[in-house]
Amino acid sequence: MTTRRKELPAKAAKKKNLSAIKRTRQTEKRNLRNSAVRSRIKTLSKKVEEAAAEKNKEQMGKLLGETAKAIQSAVSKGVLHKNTASRKISRLSKLANTVLKVSAA
């Protein structure tokens, strides 16, 4: 004797939450953009530190300005918090000033 299984009614298709899908797309775009900006800031900061280690005044001054500009741009785009940006710029400026004072003396 075989028993027959009862067929369950098919579930309705799950609705797509369009706003969640759009939000995911936006987040992915922002994540890529923000990581590119952060990477650029890190690269420029390392170049300033290298110039400081070499005691190259001209290159350090140029790179410091470029780095500060990139950091401020990141703040305006909402990638970095303004206090974080201020701290980064301050530390790089302090490094540059100590190198310039040592080389001047």
# chains A, B, ... in the order shown; residues from 1 in each chain; ligands from 1
>>> residues_around(residues="Leu44 (chain A)", least_positions_apart="3", cutoff="8 Å", atoms="only C-alpha atoms", output="NGL selection string")
:A and (40-41 or 47-48 or 63 or 66-67)
>>> closest_residue(among="A:Asn34, A:Asn56, A:Ser45, A:Thr24", to="Lys88 (chain A)", atoms="only C-alpha atoms")
A:Ser45
>>> atom_distance(atom1="CA of Lys11 (chain A)", atom2="CA of Arg25 (chain A)")
28.1 Å
>>> residues_around(residues="Leu95 (chain A)", least_positions_apart="6", cutoff="10 Å", atoms="only C-alpha atoms", output="list in words")
Val48, Glu49, Ala52, Ala53 and Ile89 of chain A
>>> atom_distance(atom1="CA of Lys62 (chain A)", atom2="CA of Val99 (chain A)")
14.4 Å
>>> select_by_dssp(residues="chain A", states="alpha helix (DSSP H)", output="ChimeraX atom specification")
/A:18-54,57-77,82-104
>>> write_last_selection(atoms="C-alpha atoms", output="short mmCIF file (atom, residue, chain, number, x, y, z; two decimals), in the first residue's frame")
data_model
loop_
_atom_site.label_atom_id
_atom_site.label_comp_id
_atom_site.auth_asym_id
_atom_site.auth_seq_id
_atom_site.Cartn_x
_atom_site.Cartn_y
_atom_site.Cartn_z
CA LEU A 18 13.04 48.17 -4.96
CA SER A 19 14.24 50.78 -2.50
CA ALA A 20 16.54 48.24 -0.82
CA ILE A 21 17.93 47.20 -4.20
CA LYS A 22 18.61 50.83 -5.13
CA ARG A 23 20.18 51.51 -1.74
CA THR A 24 22.55 48.56 -2.28
CA ARG A 25 23.57 49.92 -5.68
CA GLN A 26 24.23 53.36 -4.20
CA THR A 27 26.24 51.90 -1.31
CA GLU A 28 28.46 49.93 -3.68
CA LYS A 29 29.17 53.05 -5.76
CA ARG A 30 29.95 55.14 -2.69
CA ASN A 31 32.14 52.42 -1.24
CA LEU A 32 34.26 52.31 -4.40
CA ARG A 33 34.51 56.10 -4.58
CA ASN A 34 35.33 56.48 -0.88
CA SER A 35 37.97 53.76 -0.91
CA ALA A 36 39.66 55.43 -3.91
CA VAL A 37 39.73 58.77 -2.07
CA ARG A 38 41.12 57.18 1.11
CA SER A 39 43.75 55.31 -0.89
CA ARG A 40 44.88 58.55 -2.57
CA ILE A 41 45.20 60.27 0.80
CA LYS A 42 47.28 57.40 2.19
CA THR A 43 49.55 57.40 -0.87
CA LEU A 44 50.13 61.15 -0.70
CA SER A 45 50.78 60.99 3.06
CA LYS A 46 53.41 58.30 2.53
CA LYS A 47 55.08 60.44 -0.15
CA VAL A 48 55.24 63.38 2.28
CA GLU A 49 56.82 61.12 4.91
CA GLU A 50 59.36 59.84 2.38
CA ALA A 51 60.24 63.40 1.37
CA ALA A 52 60.66 64.23 5.07
CA ALA A 53 63.00 61.27 5.50
CA GLU A 54 65.05 62.47 2.52
CA LYS A 57 62.27 70.73 1.11
CA GLU A 58 60.80 71.57 -2.30
CA GLN A 59 59.15 68.22 -2.84
CA MET A 60 57.81 68.14 0.72
CA GLY A 61 56.23 71.59 0.43
CA LYS A 62 54.56 70.70 -2.86
CA LEU A 63 53.33 67.32 -1.62
CA LEU A 64 52.10 68.75 1.68
CA GLY A 65 49.88 71.24 -0.15
CA GLU A 66 48.57 68.55 -2.48
CA THR A 67 47.86 66.20 0.43
CA ALA A 68 46.06 68.87 2.46
CA LYS A 69 43.93 69.71 -0.58
CA ALA A 70 43.02 66.03 -1.07
CA ILE A 71 42.13 65.66 2.62
CA GLN A 72 39.90 68.76 2.59
CA SER A 73 38.24 67.47 -0.57
CA ALA A 74 37.49 64.19 1.21
CA VAL A 75 35.83 66.15 4.04
CA SER A 76 33.61 68.04 1.61
CA LYS A 77 32.58 64.75 -0.02
CA LYS A 82 36.47 67.16 9.72
CA ASN A 83 38.31 66.42 12.98
CA THR A 84 40.03 63.41 11.42
CA ALA A 85 41.12 65.54 8.48
CA SER A 86 42.37 68.27 10.76
CA ARG A 87 44.39 65.75 12.77
CA LYS A 88 45.97 64.25 9.64
CA ILE A 89 46.91 67.66 8.22
CA SER A 90 48.27 68.77 11.58
CA ARG A 91 50.51 65.72 11.94
CA LEU A 92 51.88 66.07 8.42
CA SER A 93 52.52 69.80 8.93
CA LYS A 94 54.25 69.13 12.23
CA LEU A 95 56.49 66.55 10.53
CA ALA A 96 57.32 68.98 7.72
CA ASN A 97 58.09 71.81 10.13
CA THR A 98 60.45 69.69 12.23
CA VAL A 99 62.35 68.63 9.11
CA LEU A 100 62.56 72.21 7.84
CA LYS A 101 63.79 73.48 11.24
CA VAL A 102 66.46 70.77 11.48
CA SER A 103 67.70 71.42 7.96
CA ALA A 104 67.73 75.22 8.52
#
